[in-house]
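As provided, upload_8.pdb (PDB, C-alpha atoms) reads as follows.
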```
ATOM      1  CA  MET K   1     -78.942  43.066 114.676
ATOM      2  CA  THR K   2     -81.627  45.720 114.492
ATOM      3  CA  GLY K   3     -84.969  46.243 116.110
ATOM      4  CA  HIS K   4     -86.804  46.836 112.804
ATOM      5  CA  LYS K   5     -87.883  44.240 110.272
ATOM      6  CA  ALA K   6     -86.729  45.365 106.829
ATOM      7  CA  ARG K   7     -87.281  42.092 104.927
ATOM      8  CA  GLU K   8     -87.779  38.397 105.408
ATOM      9  CA  PRO K   9     -84.292  37.031 106.197
ATOM     10  CA  ALA K  10     -82.648  34.257 104.231
ATOM     11  CA  PRO K  11     -82.464  30.848 105.988
ATOM     12  CA  ASP K  12     -78.696  31.087 106.537
ATOM     13  CA  GLU K  13     -79.019  34.564 108.041
ATOM     14  CA  SER K  14     -81.784  33.375 110.374
ATOM     15  CA  GLY K  15     -79.704  30.414 111.501
ATOM     16  CA  ASP K  16     -76.600  32.488 112.162
ATOM     17  CA  ALA K  17     -78.565  35.122 114.083
ATOM     18  CA  ALA K  18     -80.421  32.449 116.069
ATOM     19  CA  ILE K  19     -77.144  31.000 117.283
ATOM     20  CA  GLU K  20     -75.886  34.477 118.219
ATOM     21  CA  TRP K  21     -79.060  35.193 120.203
ATOM     22  CA  PHE K  22     -78.869  31.770 121.822
ATOM     23  CA  VAL K  23     -75.332  32.442 123.036
ATOM     24  CA  ARG K  24     -76.253  35.929 124.300
ATOM     25  CA  LEU K  25     -79.276  34.577 126.170
ATOM     26  CA  ARG K  26     -77.127  31.912 127.813
ATOM     27  CA  GLU K  27     -74.655  34.514 128.999
ATOM     28  CA  GLY K  28     -77.189  36.344 131.147
ATOM     29  CA  LYS K  29     -80.252  38.584 131.353
ATOM     30  CA  LEU K  30     -80.730  40.979 128.434
ATOM     31  CA  SER K  31     -81.213  44.695 128.923
ATOM     32  CA  ALA K  32     -84.611  46.218 128.073
ATOM     33  CA  GLU K  33     -83.207  47.474 124.766
ATOM     34  CA  GLU K  34     -81.708  44.082 123.919
ATOM     35  CA  THR K  35     -84.962  42.321 124.846
ATOM     36  CA  ALA K  36     -86.907  44.626 122.532
ATOM     37  CA  ALA K  37     -84.413  43.955 119.727
ATOM     38  CA  PHE K  38     -84.716  40.210 120.283
ATOM     39  CA  GLU K  39     -88.525  40.328 120.237
ATOM     40  CA  ALA K  40     -88.525  42.411 117.048
ATOM     41  CA  TRP K  41     -86.042  40.059 115.397
ATOM     42  CA  ARG K  42     -88.042  36.983 116.404
ATOM     43  CA  ALA K  43     -91.267  38.469 115.030
ATOM     44  CA  ALA K  44     -90.187  37.282 111.584
ATOM     45  CA  PRO K  45     -91.496  33.706 111.059
ATOM     46  CA  ALA K  46     -88.174  32.521 109.617
ATOM     47  CA  ASN K  47     -86.285  33.897 112.626
ATOM     48  CA  ALA K  48     -88.735  32.360 115.092
ATOM     49  CA  ALA K  49     -88.440  28.984 113.381
ATOM     50  CA  ALA K  50     -84.626  29.163 113.368
ATOM     51  CA  PHE K  51     -84.473  30.107 117.045
ATOM     52  CA  ASP K  52     -86.925  27.375 118.038
ATOM     53  CA  GLU K  53     -84.838  24.878 116.086
ATOM     54  CA  VAL K  54     -81.710  25.848 118.032
ATOM     55  CA  LEU K  55     -83.595  25.540 121.341
ATOM     56  CA  HIS K  56     -85.081  22.221 120.295
ATOM     57  CA  MET K  57     -81.685  20.776 119.376
ATOM     58  CA  TYR K  58     -80.117  22.070 122.549
ATOM     59  CA  GLY K  59     -83.056  20.879 124.650
ATOM     60  CA  HIS K  60     -82.826  17.422 123.078
ATOM     61  CA  LEU K  61     -79.323  17.050 124.476
ATOM     62  CA  ALA K  62     -79.760  18.809 127.811
ATOM     63  CA  GLY K  63     -83.112  17.202 128.622
ATOM     64  CA  MET K  64     -85.109  20.387 128.210
ATOM     65  CA  SER K  65     -88.609  20.692 126.746
ATOM     66  CA  PRO K  66     -88.960  21.794 123.121
ATOM     67  CA  ALA K  67     -89.014  25.559 122.684
ATOM     68  CA  ARG K  68     -92.234  27.521 122.810
ATOM     69  CA  ARG K  69     -93.209  30.112 120.220
ATOM     70  CA  THR K  70     -92.930  32.910 122.778
ATOM     71  CA  PRO K  71     -89.727  34.722 123.746
ATOM     72  CA  PRO K  72     -88.033  33.079 126.750
ATOM     73  CA  ALA K  73     -88.458  34.749 130.114
ATOM     74  CA  PRO K  74     -85.388  35.665 132.187
ATOM     75  CA  ARG K  75     -85.969  32.629 134.418
ATOM     76  CA  ALA K  76     -85.926  30.306 131.390
ATOM     77  CA  THR K  77     -82.781  32.033 130.174
ATOM     78  CA  ARG K  78     -81.050  31.413 133.486
ATOM     79  CA  GLY K  79     -82.269  27.814 133.353
ATOM     80  CA  MET K  80     -80.791  27.364 129.893
ATOM     81  CA  ARG K  81     -77.465  28.751 131.018
ATOM     82  CA  ALA K  82     -77.479  26.629 134.183
ATOM     83  CA  ALA K  83     -78.338  23.499 132.183
ATOM     84  CA  ALA K  84     -75.535  24.184 129.735
ATOM     85  CA  LEU K  85     -72.959  24.713 132.455
ATOM     86  CA  ALA K  86     -74.200  21.762 134.500
ATOM     87  CA  PHE K  87     -74.056  19.430 131.523
ATOM     88  CA  ALA K  88     -70.578  20.588 130.555
ATOM     89  CA  ALA K  89     -69.424  20.286 134.167
ATOM     90  CA  ALA K  90     -70.784  16.739 134.380
ATOM     91  CA  VAL K  91     -68.938  15.782 131.199
ATOM     92  CA  ALA K  92     -65.731  17.305 132.554
ATOM     93  CA  VAL K  93     -66.077  15.524 135.899
ATOM     94  CA  PHE K  94     -66.673  12.103 134.354
ATOM     95  CA  ALA K  95     -63.822  12.680 131.905
ATOM     96  CA  SER K  96     -61.531  13.585 134.788
ATOM     97  CA  TYR K  97     -62.454  10.414 136.659
ATOM     98  CA  ASP K  98     -61.835   8.362 133.520
ATOM     99  CA  GLU K  99     -58.424   9.953 133.036
ATOM    100  CA  ILE K 100     -57.458   9.398 136.678
ATOM    101  CA  ALA K 101     -58.544   5.739 136.465
ATOM    102  CA  LEU K 102     -56.523   5.296 133.272
ATOM    103  CA  ARG K 103     -53.419   6.811 134.816
ATOM    104  CA  LEU K 104     -53.708   4.482 137.814
ATOM    105  CA  GLU K 105     -54.088   1.393 135.635
ATOM    106  CA  ALA K 106     -51.663   2.311 132.847
ATOM    107  CA  ASP K 107     -47.921   1.830 132.726
ATOM    108  CA  HIS K 108     -47.635   4.366 129.898
ATOM    109  CA  PHE K 109     -50.072   7.184 129.118
ATOM    110  CA  THR K 110     -50.307  10.198 126.806
ATOM    111  CA  GLY K 111     -52.286  13.388 127.317
ATOM    112  CA  VAL K 112     -54.198  15.513 124.827
ATOM    113  CA  GLY K 113     -52.133  16.276 121.712
ATOM    114  CA  GLU K 114     -49.177  14.222 122.949
ATOM    115  CA  LYS K 115     -47.416  11.332 121.194
ATOM    116  CA  ARG K 116     -44.843   9.212 123.005
ATOM    117  CA  LEU K 117     -42.393   6.519 121.913
ATOM    118  CA  VAL K 118     -41.920   3.933 124.664
ATOM    119  CA  THR K 119     -39.143   1.338 124.828
ATOM    120  CA  LEU K 120     -40.307  -1.796 126.649
ATOM    121  CA  ASP K 121     -38.157  -4.075 128.806
ATOM    122  CA  ASP K 122     -37.569  -6.540 125.953
ATOM    123  CA  GLY K 123     -36.466  -3.837 123.491
ATOM    124  CA  SER K 124     -39.823  -3.599 121.691
ATOM    125  CA  HIS K 125     -41.128  -0.131 120.918
ATOM    126  CA  VAL K 126     -44.618   1.322 121.263
ATOM    127  CA  LEU K 127     -45.692   4.652 119.777
ATOM    128  CA  LEU K 128     -48.729   5.981 121.642
ATOM    129  CA  ASP K 129     -51.158   8.367 119.986
ATOM    130  CA  SER K 130     -52.810  11.229 121.864
ATOM    131  CA  ARG K 131     -55.012  10.176 124.811
ATOM    132  CA  SER K 132     -53.758   6.607 124.662
ATOM    133  CA  ALA K 133     -52.673   4.197 127.382
ATOM    134  CA  ILE K 134     -51.223   0.710 127.729
ATOM    135  CA  ALA K 135     -50.589  -1.647 130.635
ATOM    136  CA  SER K 136     -47.867  -4.306 130.412
ATOM    137  CA  ARG K 137     -47.913  -7.725 132.077
ATOM    138  CA  TYR K 138     -44.637  -9.403 131.184
ATOM    139  CA  SER K 139     -43.864 -12.883 132.515
ATOM    140  CA  ALA K 140     -41.241 -15.562 131.916
ATOM    141  CA  GLY K 141     -43.385 -17.194 129.231
ATOM    142  CA  GLU K 142     -45.256 -14.306 127.630
ATOM    143  CA  ARG K 143     -45.121 -10.591 126.840
ATOM    144  CA  ARG K 144     -48.699  -9.371 127.298
ATOM    145  CA  LEU K 145     -49.934  -5.800 127.007
ATOM    146  CA  ARG K 146     -53.396  -4.278 127.097
ATOM    147  CA  LEU K 147     -54.445  -1.235 125.077
ATOM    148  CA  LEU K 148     -56.590   0.679 127.560
ATOM    149  CA  SER K 149     -57.361   3.732 125.457
ATOM    150  CA  GLY K 150     -56.730   5.271 122.046
ATOM    151  CA  GLU K 151     -54.321   3.876 119.461
ATOM    152  CA  ALA K 152     -50.784   2.520 119.426
ATOM    153  CA  TRP K 153     -48.210   1.173 116.984
ATOM    154  CA  PHE K 154     -46.098  -1.793 118.142
ATOM    155  CA  ASP K 155     -42.625  -2.638 116.792
ATOM    156  CA  VAL K 156     -41.879  -6.039 118.316
ATOM    157  CA  ALA K 157     -38.415  -7.313 119.278
ATOM    158  CA  PRO K 158     -37.921 -11.002 118.292
ATOM    159  CA  ASP K 159     -38.212 -13.544 121.126
ATOM    160  CA  ALA K 160     -39.535 -16.946 120.052
ATOM    161  CA  SER K 161     -39.745 -18.167 123.644
ATOM    162  CA  ARG K 162     -42.135 -15.392 124.732
ATOM    163  CA  PRO K 163     -45.109 -14.534 122.481
ATOM    164  CA  PHE K 164     -45.996 -10.842 122.209
ATOM    165  CA  VAL K 165     -49.747 -10.378 122.755
ATOM    166  CA  VAL K 166     -51.810  -7.187 122.764
ATOM    167  CA  GLU K 167     -55.287  -7.275 124.287
ATOM    168  CA  ALA K 168     -57.768  -4.751 122.878
ATOM    169  CA  GLY K 169     -61.473  -4.805 123.590
ATOM    170  CA  ASP K 170     -62.380  -8.482 123.882
ATOM    171  CA  GLY K 171     -59.818  -9.596 121.304
ATOM    172  CA  ARG K 172     -56.137 -10.473 121.207
ATOM    173  CA  VAL K 173     -53.457  -9.681 118.641
ATOM    174  CA  THR K 174     -50.406 -11.970 118.629
ATOM    175  CA  ALA K 175     -47.273 -10.803 116.842
ATOM    176  CA  LEU K 176     -45.702 -13.184 114.357
ATOM    177  CA  GLY K 177     -42.397 -11.315 113.884
ATOM    178  CA  THR K 178     -44.029  -8.006 113.117
ATOM    179  CA  ALA K 179     -44.986  -4.358 113.479
ATOM    180  CA  PHE K 180     -48.663  -3.470 113.701
ATOM    181  CA  ASP K 181     -51.182  -0.823 114.726
ATOM    182  CA  VAL K 182     -54.137  -1.315 117.078
ATOM    183  CA  ALA K 183     -56.910   1.251 117.612
ATOM    184  CA  LEU K 184     -59.814   0.932 120.025
ATOM    185  CA  GLU K 185     -63.214   1.653 118.528
ATOM    186  CA  LYS K 186     -66.695   1.962 120.031
ATOM    187  CA  SER K 187     -67.198  -1.715 120.792
ATOM    188  CA  GLY K 188     -64.071  -3.410 119.514
ATOM    189  CA  ALA K 189     -60.780  -2.664 117.801
ATOM    190  CA  ARG K 190     -59.106  -2.158 114.417
ATOM    191  CA  VAL K 191     -55.810  -3.870 113.544
ATOM    192  CA  THR K 192     -53.444  -2.806 110.737
ATOM    193  CA  VAL K 193     -50.296  -4.792 109.946
ATOM    194  CA  THR K 194     -47.320  -2.735 108.768
ATOM    195  CA  GLU K 195     -44.730  -5.568 108.722
ATOM    196  CA  HIS K 196     -44.968  -9.378 108.468
ATOM    197  CA  ARG K 197     -48.173 -10.758 110.038
ATOM    198  CA  VAL K 198     -50.272 -11.136 113.180
ATOM    199  CA  GLY K 199     -52.865 -13.544 114.527
ATOM    200  CA  VAL K 200     -56.143 -11.887 115.568
ATOM    201  CA  ALA K 201     -58.343 -13.827 118.002
ATOM    202  CA  SER K 202     -61.920 -12.668 118.616
ATOM    203  CA  GLY K 203     -65.305 -14.304 119.086
ATOM    204  CA  GLY K 204     -63.749 -17.747 119.482
ATOM    205  CA  LYS K 205     -61.948 -17.661 116.122
ATOM    206  CA  THR K 206     -58.411 -16.743 115.040
ATOM    207  CA  MET K 207     -57.326 -15.419 111.649
ATOM    208  CA  ILE K 208     -53.992 -14.427 110.152
ATOM    209  CA  VAL K 209     -53.607 -10.845 108.923
ATOM    210  CA  GLU K 210     -50.740 -10.183 106.523
ATOM    211  CA  GLU K 211     -48.584  -7.098 105.939
ATOM    212  CA  GLY K 212     -50.552  -4.328 104.249
ATOM    213  CA  GLN K 213     -53.881  -5.692 105.497
ATOM    214  CA  GLN K 214     -56.399  -4.486 108.035
ATOM    215  CA  THR K 215     -59.178  -6.115 110.026
ATOM    216  CA  ALA K 216     -61.549  -5.126 112.806
ATOM    217  CA  PHE K 217     -63.717  -6.910 115.340
ATOM    218  CA  GLU K 218     -66.680  -6.162 117.553
ATOM    219  CA  ARG K 219     -67.235  -7.479 121.050
ATOM    220  CA  ASP K 220     -67.954 -11.257 121.082
ATOM    221  CA  ALA K 221     -67.739 -11.466 117.280
ATOM    222  CA  PRO K 222     -65.083 -12.900 114.937
ATOM    223  CA  ALA K 223     -62.815 -10.434 113.170
ATOM    224  CA  ARG K 224     -63.806  -9.344 109.669
ATOM    225  CA  ALA K 225     -61.967 -10.799 106.698
ATOM    226  CA  PRO K 226     -58.702  -8.883 106.177
ATOM    227  CA  GLU K 227     -58.663  -6.216 103.469
ATOM    228  CA  ALA K 228     -55.735  -4.539 101.713
ATOM    229  CA  VAL K 229     -55.117  -0.957 102.870
ATOM    230  CA  ASP K 230     -52.648   1.815 102.211
ATOM    231  CA  ILE K 231     -50.403   1.696 105.278
ATOM    232  CA  ASP K 232     -49.384   5.359 105.079
ATOM    233  CA  THR K 233     -53.030   6.379 105.076
ATOM    234  CA  ALA K 234     -54.077   3.973 107.820
ATOM    235  CA  THR K 235     -51.280   5.120 110.141
ATOM    236  CA  ALA K 236     -51.264   8.815 109.186
ATOM    237  CA  TRP K 237     -51.725   9.708 112.866
ATOM    238  CA  ARG K 238     -48.033   8.928 113.322
ATOM    239  CA  ARG K 239     -47.383  12.042 111.197
ATOM    240  CA  GLY K 240     -50.043  14.129 112.952
ATOM    241  CA  LYS K 241     -52.599  13.679 110.168
ATOM    242  CA  LEU K 242     -56.011  12.069 109.860
ATOM    243  CA  ILE K 243     -56.794  10.710 106.384
ATOM    244  CA  VAL K 244     -60.282   9.318 105.842
ATOM    245  CA  ASN K 245     -62.144   7.968 102.833
ATOM    246  CA  ARG K 246     -65.921   7.835 103.199
ATOM    247  CA  GLN K 247     -65.733   7.207 106.924
ATOM    248  CA  PRO K 248     -68.720   7.835 109.237
ATOM    249  CA  LEU K 249     -68.484  11.307 110.732
ATOM    250  CA  GLY K 250     -68.872   9.830 114.207
ATOM    251  CA  ASP K 251     -65.634   7.844 113.800
ATOM    252  CA  VAL K 252     -63.823  10.922 112.476
ATOM    253  CA  LEU K 253     -65.018  13.038 115.418
ATOM    254  CA  ALA K 254     -63.883  10.350 117.846
ATOM    255  CA  ALA K 255     -60.405  10.403 116.292
ATOM    256  CA  LEU K 256     -60.233  14.209 116.343
ATOM    257  CA  GLY K 257     -61.532  14.163 119.907
ATOM    258  CA  ARG K 258     -58.287  12.629 121.093
ATOM    259  CA  TYR K 259     -56.561  15.889 120.138
ATOM    260  CA  HIS K 260     -59.102  18.215 121.764
ATOM    261  CA  ARG K 261     -59.465  18.803 125.499
ATOM    262  CA  GLY K 262     -63.193  18.381 125.460
ATOM    263  CA  TYR K 263     -65.971  16.523 123.714
ATOM    264  CA  ILE K 264     -67.802  16.894 120.410
ATOM    265  CA  TYR K 265     -71.326  15.509 120.146
ATOM    266  CA  CYS K 266     -73.712  15.104 117.221
ATOM    267  CA  VAL K 267     -77.113  16.394 118.291
ATOM    268  CA  ASP K 268     -78.733  14.010 115.791
ATOM    269  CA  ARG K 269     -77.396  10.484 115.284
ATOM    270  CA  ALA K 270     -78.057  10.790 111.557
ATOM    271  CA  ILE K 271     -75.362  13.472 111.414
ATOM    272  CA  CYS K 272     -72.719  11.143 112.820
ATOM    273  CA  ALA K 273     -73.736   8.485 110.285
ATOM    274  CA  ARG K 274     -72.904  10.759 107.342
ATOM    275  CA  ARG K 275     -69.721   9.807 105.515
ATOM    276  CA  ILE K 276     -66.805  12.097 104.866
ATOM    277  CA  SER K 277     -63.472  12.037 103.050
ATOM    278  CA  GLY K 278     -60.487  14.301 103.521
ATOM    279  CA  VAL K 279     -57.080  14.993 105.025
ATOM    280  CA  PHE K 280     -57.165  16.762 108.371
ATOM    281  CA  GLY K 281     -54.459  18.143 110.624
ATOM    282  CA  ALA K 282     -55.355  16.367 113.849
ATOM    283  CA  GLN K 283     -52.377  17.229 116.004
ATOM    284  CA  GLU K 284     -51.903  20.795 114.773
ATOM    285  CA  ASP K 285     -55.454  22.078 115.294
ATOM    286  CA  ALA K 286     -58.396  19.759 115.872
ATOM    287  CA  LEU K 287     -60.816  22.699 116.051
ATOM    288  CA  GLN K 288     -59.685  23.966 112.655
ATOM    289  CA  SER K 289     -60.315  20.493 111.257
ATOM    290  CA  LEU K 290     -63.772  20.566 112.831
ATOM    291  CA  ALA K 291     -64.443  23.919 111.139
ATOM    292  CA  GLU K 292     -63.444  22.396 107.785
ATOM    293  CA  ILE K 293     -65.839  19.494 108.378
ATOM    294  CA  GLU K 294     -68.635  21.912 109.252
ATOM    295  CA  ALA K 295     -68.096  23.794 106.007
ATOM    296  CA  SER K 296     -67.831  20.705 103.806
ATOM    297  CA  LEU K 297     -70.984  19.052 105.203
ATOM    298  CA  GLY K 298     -73.004  22.217 105.722
ATOM    299  CA  LEU K 299     -73.116  21.721 109.494
ATOM    300  CA  ARG K 300     -72.941  24.150 112.404
ATOM    301  CA  ALA K 301     -71.463  23.924 115.891
ATOM    302  CA  ILE K 302     -72.584  25.421 119.185
ATOM    303  CA  HIS K 303     -69.714  25.857 121.661
ATOM    304  CA  VAL K 304     -71.593  25.423 124.937
ATOM    305  CA  THR K 305     -68.278  25.878 126.731
ATOM    306  CA  SER K 306     -64.690  25.405 125.599
ATOM    307  CA  TYR K 307     -65.110  21.807 126.798
ATOM    308  CA  LEU K 308     -68.342  20.865 125.016
ATOM    309  CA  ILE K 309     -69.251  21.338 121.333
ATOM    310  CA  LEU K 310     -72.641  20.404 119.868
ATOM    311  CA  LEU K 311     -72.638  19.659 116.154
ATOM    312  CA  TYR K 312     -75.858  19.878 114.149
TER
END
```
Entire entry expressed as structure tokens:
Amino acid sequence: MTGHKAREPAPDESGDAAIEWFVRLREGKLSAEETAAFEAWRAAPANAAAFDEVLHMYGHLAGMSPARRTPPAPRATRGMRAAALAFAAAVAVFASYDEIALRLEADHFTGVGEKRLVTLDDGSHVLLDSRSAIASRYSAGERRLRLLSGEAWFDVAPDASRPFVVEAGDGRVTALGTAFDVALEKSGARVTVTEHRVGVASGGKTMIVEEGQQTAFERDAPARAPEAVDIDTATAWRRGKLIVNRQPLGDVLAALGRYHRGYIYCVDRAICARRISGVFGAQEDALQSLAEIEASLGLRAIHVTSYLILLY
């Protein structure tokens, strides 16, 4: 960056430089020379607009006022940095409490980037995805589990005298001699049958879902009609991959978030509603997958801390 205006910058250059200045301002007070360089850079209308846009987007999330058209004073800079750190710290604290509560309630739990195959008392197997948890409540007449977080694949041992039931959200999935996948979503769950069939009860109704089919349900609503799916694609997480076809970005970020020790937020809800297709390496490098998404959709990310990423 220079202190002299040679030409009107291109939009991409202004945006990149605005993010760089934003990060530098968050890190602390600028020297007199750096302040002069910033003021000279921001004198260009395109640069001023780009910088104000970054401040506006950041302020929208952190509860700050929209940016003014004047360079920020050192006090405002310290306030921005404090707000960023405070927000990230709050996210980390709440996430820590959530994780502690899950560990106390769960019988089996996986951390970030971890997959675990669990053998239950009856010989059934459960493969837990990253950041997933289950609690088991076996009795003489029923094998009942609850998916508390994330996603899991169940390979059920036959036992006609004791039904195998998985609770997820406000619904129940009952095995009918089967293997199946259950994933928690924002307000419900998604069920994919990999062998035989299951009964899915939700919203006061029960439907049968056959092998190679998938359904989903929201809280207090009946499950959607089953649809045929490619099982390898739907359960790609078992191989450390995330395969999506025109899925909302918000759902993709939520899935990738299970492999990242932190949180990724869309500054604008419209961004998370955009649809995306692709094959991403979730387990290997969630941040690399995020970078690929940024490039494909023309988005940018601000790393407020290593724990909090803002996508716009």
Neighbouring residues of Arg224 of chain K were defined as those with any atom within 8 Å, considering only C-alpha atoms; residues of the same chain fewer than 5 positions away were excluded. Please report them as a compact mmCIF listing (two decimals) with C-alpha atoms, in the frame of the given file.
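Printed below is result-v4.txt as written:
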```
# COMPACT_ATOMS: atom_id res chain seq x y z
CA THR K 215 -59.18 -6.12 110.03
CA ALA K 216 -61.55 -5.13 112.81
CA PHE K 217 -63.72 -6.91 115.34
```
From the options K:Ala37, K:Ala49, K:Cys266, K:Leu256, which residue's atoms come nearest to Trp237 of chain K, counting only C-alpha atoms?
K:Leu256
Might you pull out every residue within 10 Å of Lys186 of chain K, with only C-alpha atoms counted and same-chain residues fewer than 3 positions away left off, and present them as number ranges by chain?
K: 169, 189, 218-219, 251, 254
I'd like the neighbourhood of segment 196-209 of chain K as a ChimeraX atom specification, where a residue qualifies if any of its atoms comes within 9 Å (using only C-alpha atoms), though same-chain residues fewer than 5 positions away should be ignored.
/K:170-180,191,214-215,217-223,225-227
Write the selection just made, keeping C-alpha atoms, as an mmCIF file, in the frame of the given file?
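Output file again21.cif is given in full below:
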```cif
data_model
loop_
_atom_site.group_PDB
_atom_site.id
_atom_site.type_symbol
_atom_site.label_atom_id
_atom_site.label_comp_id
_atom_site.auth_asym_id
_atom_site.auth_seq_id
_atom_site.Cartn_x
_atom_site.Cartn_y
_atom_site.Cartn_z
ATOM 1 C CA ASP K 170 -62.380 -8.482 123.882
ATOM 2 C CA GLY K 171 -59.818 -9.596 121.304
ATOM 3 C CA ARG K 172 -56.137 -10.473 121.207
ATOM 4 C CA VAL K 173 -53.457 -9.681 118.641
ATOM 5 C CA THR K 174 -50.406 -11.970 118.629
ATOM 6 C CA ALA K 175 -47.273 -10.803 116.842
ATOM 7 C CA LEU K 176 -45.702 -13.184 114.357
ATOM 8 C CA GLY K 177 -42.397 -11.315 113.884
ATOM 9 C CA THR K 178 -44.029 -8.006 113.117
ATOM 10 C CA ALA K 179 -44.986 -4.358 113.479
ATOM 11 C CA PHE K 180 -48.663 -3.470 113.701
ATOM 12 C CA VAL K 191 -55.810 -3.870 113.544
ATOM 13 C CA GLN K 214 -56.399 -4.486 108.035
ATOM 14 C CA THR K 215 -59.178 -6.115 110.026
ATOM 15 C CA PHE K 217 -63.717 -6.910 115.340
ATOM 16 C CA GLU K 218 -66.680 -6.162 117.553
ATOM 17 C CA ARG K 219 -67.235 -7.479 121.050
ATOM 18 C CA ASP K 220 -67.954 -11.257 121.082
ATOM 19 C CA ALA K 221 -67.739 -11.466 117.280
ATOM 20 C CA PRO K 222 -65.083 -12.900 114.937
ATOM 21 C CA ALA K 223 -62.815 -10.434 113.170
ATOM 22 C CA ALA K 225 -61.967 -10.799 106.698
ATOM 23 C CA PRO K 226 -58.702 -8.883 106.177
ATOM 24 C CA GLU K 227 -58.663 -6.216 103.469
#
```
Which residue is closest to Asp268 of chain K? Choose from K:Thr110, K:Ile243, K:Ala301, K:Tyr312 and count only C-alpha atoms.
K:Tyr312
Could you give me, as a PyMOL selection string, the residues within 8 Å of Ser277 of chain K, counting all atoms listed in the file and dropping anything in the same chain fewer than 4 positions from it?
chain K and resi 243-247
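If you apply the PyMOL selection byres ((chain K and resi 127) around 8) to this structure, you end up with Lys115, Arg116, Leu117, Val118, His125, Val126, Leu128, Asp129, Ala152, Trp153 and Phe154 of chain K.
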So how far away is atom CA of Gly113 of chain K from atom CA of Tyr259 of chain K, in Å?
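Atom CA of Tyr259 of chain K sits 4.7 Å away from atom CA of Gly113 of chain K.
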Atom CA of Leu308 of chain K to atom CA of Gly257 of chain K, distance in Å rounded to a single decimal:
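Spanning atom CA of Leu308 of chain K to atom CA of Gly257 of chain K is a straight-line distance of 10.8 Å.
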As an exercise, work out the distance from atom CA of Gly111 of chain K to atom CA of Tyr265 of chain K in Å and give it to one decimal place.
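So the answer is 20.5 Å.
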Of the residues K:Ala168, K:Ala140, K:Leu145, K:Leu242, which is the one nearest to Ala106 of chain K, using all atoms listed in the file?
K:Leu145
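With all atoms listed in the file as the basis for measurement, K:Ala183 is the residue among K:Ala40, K:Leu104, K:Ala183, K:Ile231 that approaches Leu147 of chain K most closely.
Using only C-alpha atoms, the protein and nucleic acid residues lying at most 9 Å from the point (-50.6, 0.9, 131.4) are K:Leu102, K:Arg103, K:Leu104, K:Glu105, K:Ala106, K:Asp107, K:His108, K:Phe109, K:Ala133, K:Ile134, K:Ala135, K:Ser136, K:Leu145, K:Arg146, K:Leu147, K:Leu148.
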